[in-house]
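J.: Below: one structure in structure tokens.
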Number of protein chains: 2
Amino acid sequence: MASSVASAPAPAAAPDRVPSKAPKRSSIQVMQEFLGMGVSKHHNPDSEKRKMTLTDWGKFKTVSWRADAQRDYTEHTSVVLASENKFSAYMMEFWTWGVPAVVGVLTATSGSFIEKCVEFYGMTRFGYCKNPYIFVAGKEKCLEWQDWAPMLSNQGYGSFIFISTFIAAVSATLTWAFAPMSRGSGIPEVKTILGGFVFPDALSGRTLVIKIIGLAMSVGSGLACGKEGPLVHISCCWCSFICKFFPRYKDNEAKQRELLSCACASGVAVAFGAPLGGVLFSLEEASTIFPMRTMLRAFCGSTVAAMTLAYQDPTGSGKLTMFNCPYDKPPAFTEYPIFIVMGILGGWIGALFVHYNIKICVGRAPGTPFRAKCHIILEVAALSFFTAITSYHLLQLRVLSNAAIRALFHNCADPAVQSPIKQEEFMLNLCDPNDLGKPRLDMDLMYILLVVGVFRHIQMTFTFGTGAASGLFIPSLYVGAALGRIIGMAVYSANETAHFAPKSDDGPFVNGVHPGIYAMLGAAAVLGGVCRVTISLVVIMFELTGGLQLIVPFMIVCMIAKWVGDMYTPGIYDYAIQVRKYPFLHEPDEVTFSTNANDVMDESIDCLHPDCAGVGQLIDCMKEARYGGYPLTVSKTDPSLLGYIHTDQFLQFLVTERETNTFVTNNTRVVFKKYLDNKKEDSRDCLDASKQVDEGVMVVVPNTPASQLQQIFRNLGVRIILVRERAALVGMITKKSFIKHMEELHHSDHCASKTSGGLHEALLPK
Amino acid sequence: MASSVASAPAPAAAPDRVPSKAPKRSSIQVMQEFLGMGVSKHHNPDSEKRKMTLTDWGKFKTVSWRADAQRDYTEHTSVVLASENKFSAYMMEFWTWGVPAVVGVLTATSGSFIEKCVEFYGMTRFGYCKNPYIFVAGKEKCLEWQDWAPMLSNQGYGSFIFISTFIAAVSATLTWAFAPMSRGSGIPEVKTILGGFVFPDALSGRTLVIKIIGLAMSVGSGLACGKEGPLVHISCCWCSFICKFFPRYKDNEAKQRELLSCACASGVAVAFGAPLGGVLFSLEEASTIFPMRTMLRAFCGSTVAAMTLAYQDPTGSGKLTMFNCPYDKPPAFTEYPIFIVMGILGGWIGALFVHYNIKICVGRAPGTPFRAKCHIILEVAALSFFTAITSYHLLQLRVLSNAAIRALFHNCADPAVQSPIKQEEFMLNLCDPNDLGKPRLDMDLMYILLVVGVFRHIQMTFTFGTGAASGLFIPSLYVGAALGRIIGMAVYSANETAHFAPKSDDGPFVNGVHPGIYAMLGAAAVLGGVCRVTISLVVIMFELTGGLQLIVPFMIVCMIAKWVGDMYTPGIYDYAIQVRKYPFLHEPDEVTFSTNANDVMDESIDCLHPDCAGVGQLIDCMKEARYGGYPLTVSKTDPSLLGYIHTDQFLQFLVTERETNTFVTNNTRVVFKKYLDNKKEDSRDCLDASKQVDEGVMVVVPNTPASQLQQIFRNLGVRIILVRERAALVGMITKKSFIKHMEELHHSDHCASKTSGGLHEALLPK
């Protein structure tokens with residue numbers, strides 16, 4: 001054993017290979033011994049700390065796009081292309097489009113189901129339908145409606161609170177008991193998975209079922225959460241489920257990720273009725289590797305999802321646009337400075353949310369004193385209780401978020417809403433009761449909307465990341481819409497006297513000032529400040545609202561909100577990834593030129609040599625291996641690099657050989673014949689494992705700048721880089737250790753130069 | 001000299017380095033000699049042919065993103081970050097946003113200017129304005145209008161033809177005489193540049209000026225061309241011009257390309273009033289490397305461009321949407337099968353255009369018999385003459401393309417167009433004269449539209465790629481709109497009797513059948529079939545038309561048109577790049593797994609060694625060097641790789657040293673001290689060039705699959721990959737030779753397996 005696994009740069013004398021008779025020990029022990037033998041030319045005080053984190057990351061297996069693509073080619077593509085059966089080649093191509101399409105249909109169906117359930121739960125908080133039956137979704141479909149109020153005291157207040165709390169608690173209980181991974185929005189998890197790590201359980205069937213049921217309940221209970229992020233998670237679960245039926249995708253993590261990127265697009269397409277926004281969200285926020293090939297399939301998937309959704313028409317509006325708003329002319333140029341201010345405010349509000357939400361999430365993470373005192377179901381119930389208490393008295397908070405946002409965005413001048421009933425039900429009293437075609441402008445309403453916005457902001461800050469399925473798109477839009485409408489009302493009033501912009505009836509080319517437009521821009525600004533997405537957010541916003549003439553204002557607020565927010569904190573998803581300690585590799589920035597491979601690499605490496613140990617010994621060793629693979633070098637004394645052995649494949653090969661090859665026993669020696677200098681006679685009785693050597697592993701020289709390493713990891717999707725000086729292997733960099741290094745670098749950079757460092761870094765895990 | 005440049009794998013004896021006294025020869029001679037000495041282990045019959053092509057590509061210098069990023073860091077970023085002056089750091093960051101913004105403003109201004117000129121030239125074909133002055137853009141701004149007709153015979157026919165021909169001829173003359181690079185759309189050139197090659201003259205100031213003037217003329221003359229593609233070229237020219245003022249960008253090709261990607265987005269943003277479409281076009285079609293950083297800047301640039309355009313409002317509509325169409329409800333599901341058929345037809349029509357246009361372009365390329373007989377100006381004049389003759393008699397062809405497309409897209413039910421004057425001027429007689437709210441459905445109109453569509457298709461097939469600035473977006477949309485409207489009319493008539501879809505007044509949730517919707521989808525289908533873009537086309541289409549409810553149908557036709565078109569030919573831009581023999585590297589596909597580095601690499605390489613020649617000799621050699629750089633190996637006999645020397649930098653270093661360092665003369669020997677095994681005493685008087693060695697050059701092993709090489713070239717933006725077996729350099733792959741190899745591979749693959757091979761490959765340059 002001692003001869004087969006050794007530390008590479010070992011200049012200390014070890015004159016000749018000695019056939020080992022070492023008793024079986026745990027491979028960890030073996031490794032540690034050899035680590036001790038490695039000579040560390042360049043002592044890194046952080047390396048121990050880094051190793052600790054890497055152990056935390058042990059459960060996340062790194063995916064190698066490079067190796068998986070190669071494997072896909074040898075195992076599937078080349079076989080199918082070479083076969084006479086043209087049909088199988090067509091089927092292979094067909095399913096690369098078919099799987100995203102099927103996922104689209106399933107996601108859209110799940111989305112419709114959730115929508116119906118949310119309607120039902122939302123209604124149930126106020127009463128129930130006596131006729132035709134209790135399970136109708138939507139009050140207007142009910143022939144005979146019965147409020148809880150007469151049955152209970154306090155005009156429905158008590159029943160509202162009780163039912164809300166109960167539904168939320170059930171949702172949390174389901175999540176806690178059956179699928180803890182289904183809590184939260186799931187986007188940080190999906191992002192980590194798409195970044196090239198295997199995340200156990202995150203996409204399991206159980207998670208899928210519980211997420212669908214739990215999501216409907218937590219949104220329907222009136223918690224300050226949306227169903228948009230979780231739908232992305234749900235579509236990825238469906239995709240992972242479908243992949244199990246295809247041998248090509250089942251065991252090939254990289255190929256699966258191509259489909260998951262497409263699924264991501266379908267999720268957003270269903271969540272917002274925004275097929276284009278979905279593809280762009282997958283591109284901009286979720287996916288790490290997104291070639292054109294994948295984009296086209298994502299496009300196909302989200303088209304199918306949107307069509308299915310349009311066909312099922314869960315909202316009954318007949319349109320995909322959730323908040324269709326009749327503003328068909330662009331705003332005046334004099335209003336643009338106000339939009340810029342709104343962008344800045346949105347960035348601030350978003351950063352405020354991110355900061356406190358993360359603080360709260362860190363405070364209630366598993367293992368904290370708070371969590372020890374308060375069970376997670378109790379927490380959700382309490383949250384729901386307080387949400388219900390603070391929401392009941394205000395009409396705009398009492399209804400479901402979607403209805404409130406629709407009203408805030410809407411134009412009082414739309415003739416369709418100019419009736420007293422519509423006023424109450426649809427516009428939530430946002431129009432002037434004396435002239436229904438004009439917006440209400442009194443201070444009372446401003447005050448109410450301010451309270452609404454602040455309450456919802458606080459509610460969502462506590463709710464996001466709690467123990468129930470919950471997204472943050474809709475509450476963010478809500479907060480922004482409420483605050484934006486206030487600004488819009490103020491600008492409208494000011495314009496009545498100052499007349500700096502055209503009024504609504506001023507001319508054919510401009511909209512005039514409309515509070516609803518400001519609500520839409522405010523919503524975009526706050527969501528931009530929270531998520532820091534730009535192009536996909538703009539597309540989603542106008543697929544949501546139909547505000548095509550507002551593209552330029554949308555672009556301005558989103559960009560400014562991102563700039564401003566980035567000054568204070570990272571985006572919510574990136575920050576969540578950081579505090580939850582998931583491994584994730586960002587895009588390279590300038591800072592990474594100042595270090596190079598020399599500073600990042602691990603110098604004490606466990607290596608294999610061509611003249612290896614016995615089969616049984618190697619199998620034991622590989623079974624307990626801590627690493628995904630081992631470099632192959634010439635010998636203990638000669639660290640010339642020959643290639644790389646992937647643990648899993650090698651183990652599989654050895655086990656198969658032991659079981660099927662009658663000549664191979666536990667004591668048969670394993671050699672890599674191709675690399676033996678003197679093809680010794682005695683290597684005849686050995687098992688030749690030359691084919692297991694991966695020669696294509698990425699190799700760099702010690703002074704390669706870190707920015708290039710980052711590009712290699714990110715753009716080529718490799719999981720390991722070997723560092724070689726001339727022929728000799730001198731170090732190894734795994735994706736995880738590189739991520740850790742980048743985090744430290746970013747950390748020190750932040751503390752040294754940026755004012756925001758204090759605020760941001762104080763929360764980071766030590 | 002002989003000792004300094006040698007062929008790497010030269011096992012033939014060359015026992016010791018001999019100080020060379022070789023007389024000065026041309027380095028080509030020197031190189032050729034050494035090439036002869038190289039031992040080709042693996043004889044490649046194609047290698048000579050490939051070398052010929054590579055010589056054609058000599059003028060395209062390859063850009064190395066890796067080396068340029070490193071250089072930018074050492075020369076600018078690190079200097080600025082280290083300096084005390086915080087202001088300069090802010091300015092550096094500011095200009096990364098500022099340059100795209102300035103380019104946006106300039107492009108929008110150019111676009112407005114061109115729009116005005118086009119209006120003027122277009123008008124001039126019919127008459128002139130007597131009052132207030134002759135140079136008014138748009139007939140409606142003229143107080144007193146004078147047709148040419150009374151002055152000339154034939155009711156304006158003759159003058160129309162004459163003036164059209166004259167304007168087009170002037171445009172061609174300007175292009176021919178002053179800036180040949182300004183002809184055509186310029187997108188293939190921009191794509192090649194963004195792919196990482198330096199294209200002399202393509203973005204010069206002269207090209208810019210002539211392109212602006214010439215484009216206005218060729219579009220205004222009524223040629224079947226649009227201004228959209230050329231505007232992308234214009235914005236890139238502006239960007240290149242602006243970059244000249246910044247030392248950071250002036251000499252750094254990779255950094256320039258980041259800004260050019262942004263400029264590209266601004267170009268499309270101005271061309272279509274589609275800022276989002278612009279960013280996506282740059283991402284999907286134009287750019288090779290488009291990280292998130294660049295995307296945000298592109299987003300900023302195109303926002304500014306769109307705002308500037310909206311402010312200047314050249315069309316006078318007050319909206320960015322060029323063809324604003326009042327369809328606010330989605331189509332019925334029963335219409336979707338027809339959309340699928342339209343997608344297929346669009347793909348066919350597009351492929352037909354691509355096939356014949358390329359055939360024509362190949363036939364009239366410089367050096368062909370046709371070109372020898374017919375001067376390029378004559379060709380343009382003849383084209384314009386025939387376009388004018390075929391266009392005058394049909395109202396829909398006589399007006400400028402934009403007006404015709406607007407009419408074809410429009411809805412007769414729009415009350416704003418329901419007057420006899422609007423009927424003639426705006427709707428071009430497409431509505432029922434008896435009931436202006438309904439579309440005209442008679443066979444006459446169908447016949448006319450068929451003729452219009454076919455004529456325009458033929459016209460654009462001949463026009464694209466001729467000797468004047470000309471784009472193909474607008475004519476493609478035109479052809480699609482005309483043919484789509486015919487289908488729409490047929491479906492409308494069929495629905496009147498069969499009633500398979502709702503009629504216009506059937507219900508609140510569906511549009512009913514509108515021929516205008518079919519025109520829009522037809523336009524998208526044909527454009528998709530021509531360009532093979534998907535997501536950016538969908539965004540552009542609905543930024544153009546405001547058809548938000550049509551997103552899903554747009555997605556379907558674009559995707560199907562791409563699928564169908566790809567079966568027959570590549571997209572027009574990719575095909576143009578192929579036949580114009582520009583170097584371009586596509587995304588990797590499956591086929592590239594079957595070959596590896598061994599098959600692609602050049603085995604006879606000219607190398608430098610640490611103990612080099614004299615300064616003067618080296619300078620002469622480097623000045624005449626055929627390659628961008630040379631690998632550094634230990635010695636003639638020991639091909640161990642040490643690093644890579646970039647010719648330009650090395651030459652500059654040597655010249656600077658010779659001029660400024662008093663100890664350095666022409667005879668001083670140059671050594672790479674760091675790499676000399678025995679730091680000899682006599683190396684004291686030598687010039688040490690160790691710092692010129694680039695150790696970070698990409699290195700792979702011989703059996704790295706080609707797909708990975710392609711990813712390395714494309715995603716990491718390197719220009720050279722060295723192939724090393726253990727320590728020894730065994731081969732070298734340049735980006736150009738790799739592209740050539742891929743083309744050959746694709747070629748043989750096409751011929752062998754695809755039916756389209758014959759059609760497509762017959763035209764490829766041999």
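Ligands are numbered from 1 in the order shown, chains are lettered A, B, ... in the order of the structure tokens, and residues start at 1 in each chain.
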Tell me which protein, DNA and RNA residues are within 6 Å of segment 220-225 of chain B, counting only C-alpha atoms, leaving out same-chain ones fewer than 4 positions away, and put them as JSON, numbers by chain.
T.: {"B": [118, 121, 122, 164, 167, 168, 216, 384, 459, 460, 470, 471, 472, 475]}
J.: Within 7 Å of segment 263-267 of chain B, counting only C-alpha atoms, which residues show up once you throw out same-chain ones fewer than 6 positions away? Write them as a list in words, please.
T.: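 These residues fall inside the cut-off: Pro100, Val103, Gly104, Thr107, Leu231, Val232, Ser235, Cys236, Cys239, Gly278, Val279, Phe281, Ser282, Ala298, Gly301, Ser302 and Ala305 of chain B.
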J.: Tell me, which residues of segment 605-754 of chain B carry DSSP helix (DSSP H, G or I), written as a ChimeraX atom specification?
T.: /B:615-623,647-660,673-675,681-685,690-692,706-716,735-753
J.: Please dump the current selection as an mmCIF file, in the first residue's frame; keep C-alpha atoms.
T.:
data_model
loop_
_atom_site.group_PDB
_atom_site.id
_atom_site.type_symbol
_atom_site.label_atom_id
_atom_site.label_comp_id
_atom_site.auth_asym_id
_atom_site.auth_seq_id
_atom_site.Cartn_x
_atom_site.Cartn_y
_atom_site.Cartn_z
ATOM 1 C CA VAL B 615 20.265 41.360 -30.458
ATOM 2 C CA GLY B 616 20.544 42.636 -34.022
ATOM 3 C CA GLN B 617 20.024 39.236 -35.526
ATOM 4 C CA LEU B 618 17.017 38.546 -33.336
ATOM 5 C CA ILE B 619 15.465 41.898 -34.179
ATOM 6 C CA ASP B 620 15.770 41.170 -37.887
ATOM 7 C CA CYS B 621 14.316 37.764 -37.364
ATOM 8 C CA MET B 622 11.406 38.982 -35.253
ATOM 9 C CA LYS B 623 10.617 41.773 -37.691
ATOM 10 C CA THR B 647 6.866 38.245 -31.148
ATOM 11 C CA ASP B 648 5.533 41.807 -30.814
ATOM 12 C CA GLN B 649 6.440 42.243 -27.183
ATOM 13 C CA PHE B 650 9.815 40.640 -27.621
ATOM 14 C CA LEU B 651 10.627 42.832 -30.595
ATOM 15 C CA GLN B 652 9.602 45.942 -28.712
ATOM 16 C CA PHE B 653 11.738 44.898 -25.754
ATOM 17 C CA LEU B 654 14.769 44.287 -27.931
ATOM 18 C CA VAL B 655 14.437 47.548 -29.830
ATOM 19 C CA THR B 656 13.923 49.533 -26.639
ATOM 20 C CA GLU B 657 16.940 47.913 -25.027
ATOM 21 C CA ARG B 658 19.104 48.564 -28.067
ATOM 22 C CA GLU B 659 18.105 52.194 -28.117
ATOM 23 C CA THR B 660 18.113 53.030 -24.422
ATOM 24 C CA LYS B 673 18.953 33.522 -17.725
ATOM 25 C CA LYS B 674 16.250 32.013 -15.578
ATOM 26 C CA TYR B 675 16.172 28.964 -17.788
ATOM 27 C CA GLU B 681 29.946 33.136 -16.352
ATOM 28 C CA ASP B 682 29.832 34.339 -19.915
ATOM 29 C CA SER B 683 26.144 35.087 -19.616
ATOM 30 C CA ARG B 684 27.106 38.160 -17.583
ATOM 31 C CA ASP B 685 27.571 40.427 -20.533
ATOM 32 C CA SER B 690 13.655 36.147 -18.902
ATOM 33 C CA LYS B 691 10.789 38.521 -18.210
ATOM 34 C CA GLN B 692 9.646 38.236 -21.815
ATOM 35 C CA ALA B 706 -10.854 18.425 -30.069
ATOM 36 C CA SER B 707 -14.030 19.481 -28.325
ATOM 37 C CA GLN B 708 -12.023 20.505 -25.331
ATOM 38 C CA LEU B 709 -9.540 22.383 -27.470
ATOM 39 C CA GLN B 710 -12.466 24.204 -29.017
ATOM 40 C CA GLN B 711 -13.772 25.155 -25.595
ATOM 41 C CA ILE B 712 -10.355 26.375 -24.576
ATOM 42 C CA PHE B 713 -10.034 28.525 -27.683
ATOM 43 C CA ARG B 714 -13.575 29.812 -27.484
ATOM 44 C CA ASN B 715 -14.276 30.175 -23.786
ATOM 45 C CA LEU B 716 -10.852 31.130 -22.542
ATOM 46 C CA LYS B 735 -6.565 29.207 -33.296
ATOM 47 C CA LYS B 736 -6.486 29.643 -37.057
ATOM 48 C CA SER B 737 -5.140 26.180 -37.794
ATOM 49 C CA PHE B 738 -7.727 24.769 -35.440
ATOM 50 C CA ILE B 739 -10.539 26.611 -37.218
ATOM 51 C CA LYS B 740 -9.281 25.279 -40.499
ATOM 52 C CA HIS B 741 -9.219 21.787 -39.097
ATOM 53 C CA MET B 742 -12.749 22.103 -37.782
ATOM 54 C CA GLU B 743 -13.966 23.321 -41.154
ATOM 55 C CA GLU B 744 -12.444 20.312 -42.871
ATOM 56 C CA LEU B 745 -13.914 17.998 -40.280
ATOM 57 C CA HIS B 746 -17.316 19.556 -40.591
ATOM 58 C CA HIS B 747 -17.020 19.379 -44.324
ATOM 59 C CA SER B 748 -16.301 15.659 -44.414
ATOM 60 C CA ASP B 749 -18.964 15.056 -41.802
ATOM 61 C CA HIS B 750 -21.496 16.959 -43.849
ATOM 62 C CA CYS B 751 -20.721 15.154 -47.050
ATOM 63 C CA ALA B 752 -20.848 11.800 -45.399
ATOM 64 C CA SER B 753 -23.971 11.973 -43.353
#
J.: For Ala501 of chain B, please output as a count of residues only all residues within 10 Å (counting only C-alpha atoms; exclusion window: fewer than 5 positions along the same chain).
T.: 15
J.: Could you check how far atom CA of Val417 of chain B sits from atom CA of Leu544 of chain B, in Å to one decimal?
T.: 19.1 Å
J.: Determine, counting only C-alpha atoms, which protein, DNA and RNA residues have an atom within 9 Å of an atom of Ile242 of chain A; residues of the same chain fewer than 3 positions away are not included. Present the result as a list in words.
T.: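 Neighbouring residues, sequence-local ones excluded: Val99, Val102, Val103, Cys237, Trp238, Cys239, Phe245, Phe246 and Lys250 of chain A.
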J.: Any idea what the distance is between atom CA of Thr165 of chain B and atom CA of Ile213 of chain B?
T.: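 Interatomic distance here is 16.2 Å.
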J.: So which residues touch segment 386-396 of chain B within 9 Å, counting only C-alpha atoms, skipping near sequence neighbours fewer than 4 positions away, as number ranges by chain?
T.: B: 157, 160-162, 164-165, 221-224, 381-382, 400-401, 403-405, 407, 428-429, 448-449, 452, 455-456, 459
J.: Could you save those same residues with C-alpha atoms as a compact mmCIF listing (two decimals), in the first residue's frame?
T.:
# COMPACT_ATOMS: atom_id res chain seq x y z
CA TYR B 157 -42.30 56.67 -63.78
CA PHE B 160 -38.69 57.62 -60.21
CA ILE B 161 -36.48 55.13 -61.99
CA PHE B 162 -33.83 57.64 -62.86
CA SER B 164 -33.57 55.77 -57.68
CA THR B 165 -30.80 54.52 -59.91
CA SER B 221 -33.06 54.85 -53.18
CA GLY B 222 -35.59 52.08 -52.56
CA LEU B 223 -33.17 49.18 -52.95
CA ALA B 224 -34.38 46.05 -51.20
CA ALA B 381 -27.02 50.85 -60.64
CA ALA B 382 -28.51 47.95 -62.59
CA LEU B 400 -40.41 52.70 -48.45
CA SER B 401 -40.29 49.24 -46.89
CA ALA B 403 -44.33 52.02 -44.39
CA ALA B 404 -45.36 48.86 -46.22
CA ILE B 405 -44.48 46.61 -43.29
CA ALA B 407 -49.47 48.56 -43.09
CA LEU B 428 -52.04 50.89 -48.45
CA ASN B 429 -55.51 49.64 -49.41
CA ILE B 448 -50.74 41.34 -55.54
CA LEU B 449 -49.22 40.40 -52.20
CA VAL B 452 -44.93 41.71 -53.90
CA PHE B 455 -40.43 40.28 -56.15
CA ARG B 456 -39.00 41.50 -52.89
CA GLN B 459 -34.67 41.73 -55.16
J.: Using only C-alpha atoms, which protein or nucleic acid residues come within 8 Å of Gly127 of chain B? Drop anything in the same chain fewer than 3 positions from it, and give the result as a count of residues only.
T.: 7
J.: Report as a list in words all protein, DNA and RNA residues lying within 8 Å of Thr595 of chain A, evaluated on only C-alpha atoms, omitting residues in the same chain fewer than 4 positions from it.
T.: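 Non-adjacent residues within range: Asp599, Val600, Pro705 and Ala706 of chain A.
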